[in-house]
$ cat input.cif   # mmCIF, C-alpha atoms and all ligand atoms
data_target
loop_
_atom_site.label_atom_id
_atom_site.label_comp_id
_atom_site.auth_asym_id
_atom_site.auth_seq_id
_atom_site.Cartn_x
_atom_site.Cartn_y
_atom_site.Cartn_z
CA MET A 1 81.50 78.17 204.19
CA ARG A 2 78.83 77.12 206.60
CA SER A 3 75.31 76.19 205.61
CA PHE A 4 71.99 77.32 206.92
CA ALA A 5 69.28 74.88 207.80
CA ASP A 6 66.43 75.40 205.39
CA PRO A 7 63.05 75.06 207.11
CA PHE A 8 61.39 74.74 203.72
CA ALA A 9 63.52 71.81 202.55
CA GLY A 10 61.83 68.53 203.44
CA GLU A 11 64.98 66.49 203.89
CA ASP A 12 66.78 69.12 205.91
CA ASP A 13 65.31 69.17 209.41
CA GLY A 14 68.33 70.72 211.08
CA ALA A 15 67.78 73.51 213.57
CA ASN A 16 69.29 76.95 213.27
CA CYS A 17 71.44 78.46 215.99
CA LEU A 18 69.44 80.86 218.14
CA ARG A 19 72.35 83.29 218.27
CA CYS A 20 73.81 83.39 214.78
CA GLY A 21 71.33 81.46 212.63
CA TYR A 22 73.81 78.89 211.38
CA LEU A 23 72.99 75.23 211.24
CA VAL A 24 73.23 73.47 214.59
CA GLU A 25 75.17 70.21 214.37
CA ALA A 26 72.92 67.13 214.74
CA ALA A 27 75.02 65.87 217.65
CA ARG A 28 74.44 69.14 219.51
CA GLU A 29 70.73 69.07 218.72
CA LYS A 30 70.45 65.61 220.23
CA ARG A 31 71.98 66.98 223.42
CA GLY A 32 69.24 69.59 223.52
CA LEU A 33 71.50 72.43 222.46
CA LEU A 34 70.00 75.17 220.32
CA THR A 35 73.23 76.96 219.51
CA CYS A 36 76.02 76.05 217.10
CA ALA A 37 79.53 75.02 218.10
CA ALA A 38 80.83 78.53 217.49
CA CYS A 39 78.32 80.07 219.91
CA GLY A 40 78.78 77.38 222.54
ZN ZN B 1 75.75 80.14 216.46
#
$ encode --input "input.cif" --output "structure tokens"
Amino acid sequence: MRSFADPFAGEDDGANCLRCGYLVEAAREKRGLLTCAACG
């Protein structure tokens, strides 16, 4: 099961994939990617 980034949770600042809404991996975020691994 995959988790969603919760914009209302203070300690969870992860971004959500623009395509599917799932949490974008931190490593991908740092590379400037706004989509999850599944969406490419
Ligand atoms: Zn995605």
$ residues_around --input "input.cif" --residues "Cys17 of chain A" --least-positions-apart "2" --cutoff "6 Å" --atoms "all atoms listed in the file" --output "mmCIF file with C-alpha atoms, in the frame of the given file"
data_model
loop_
_atom_site.group_PDB
_atom_site.id
_atom_site.type_symbol
_atom_site.label_atom_id
_atom_site.label_comp_id
_atom_site.auth_asym_id
_atom_site.auth_seq_id
_atom_site.Cartn_x
_atom_site.Cartn_y
_atom_site.Cartn_z
ATOM 1 C CA ARG A 19 72.350 83.290 218.270
ATOM 2 C CA CYS A 20 73.810 83.390 214.780
ATOM 3 C CA GLY A 21 71.330 81.460 212.630
ATOM 4 C CA TYR A 22 73.810 78.890 211.380
ATOM 5 C CA LEU A 23 72.990 75.230 211.240
ATOM 6 C CA VAL A 24 73.230 73.470 214.590
ATOM 7 C CA LEU A 34 70.000 75.170 220.320
ATOM 8 C CA THR A 35 73.230 76.960 219.510
ATOM 9 C CA CYS A 36 76.020 76.050 217.100
#
$ closest_residue --input "input.cif" --among "A:Ser3, A:Leu33, A:Ala27, A:Leu18" --to "ligand ZN 1 (chain B)" --atoms "only C-alpha atoms and all ligand atoms"
A:Leu18
$ axis_aligned_box --input "input.cif" --around "segment 15-24 of chain A" --padding-each-side "8 Å" --output "AutoDock Vina command-line options"
--center_x 70.8 --center_y 78.4 --center_z 214.8 --size_x 22.0 --size_y 25.9 --size_z 23.0
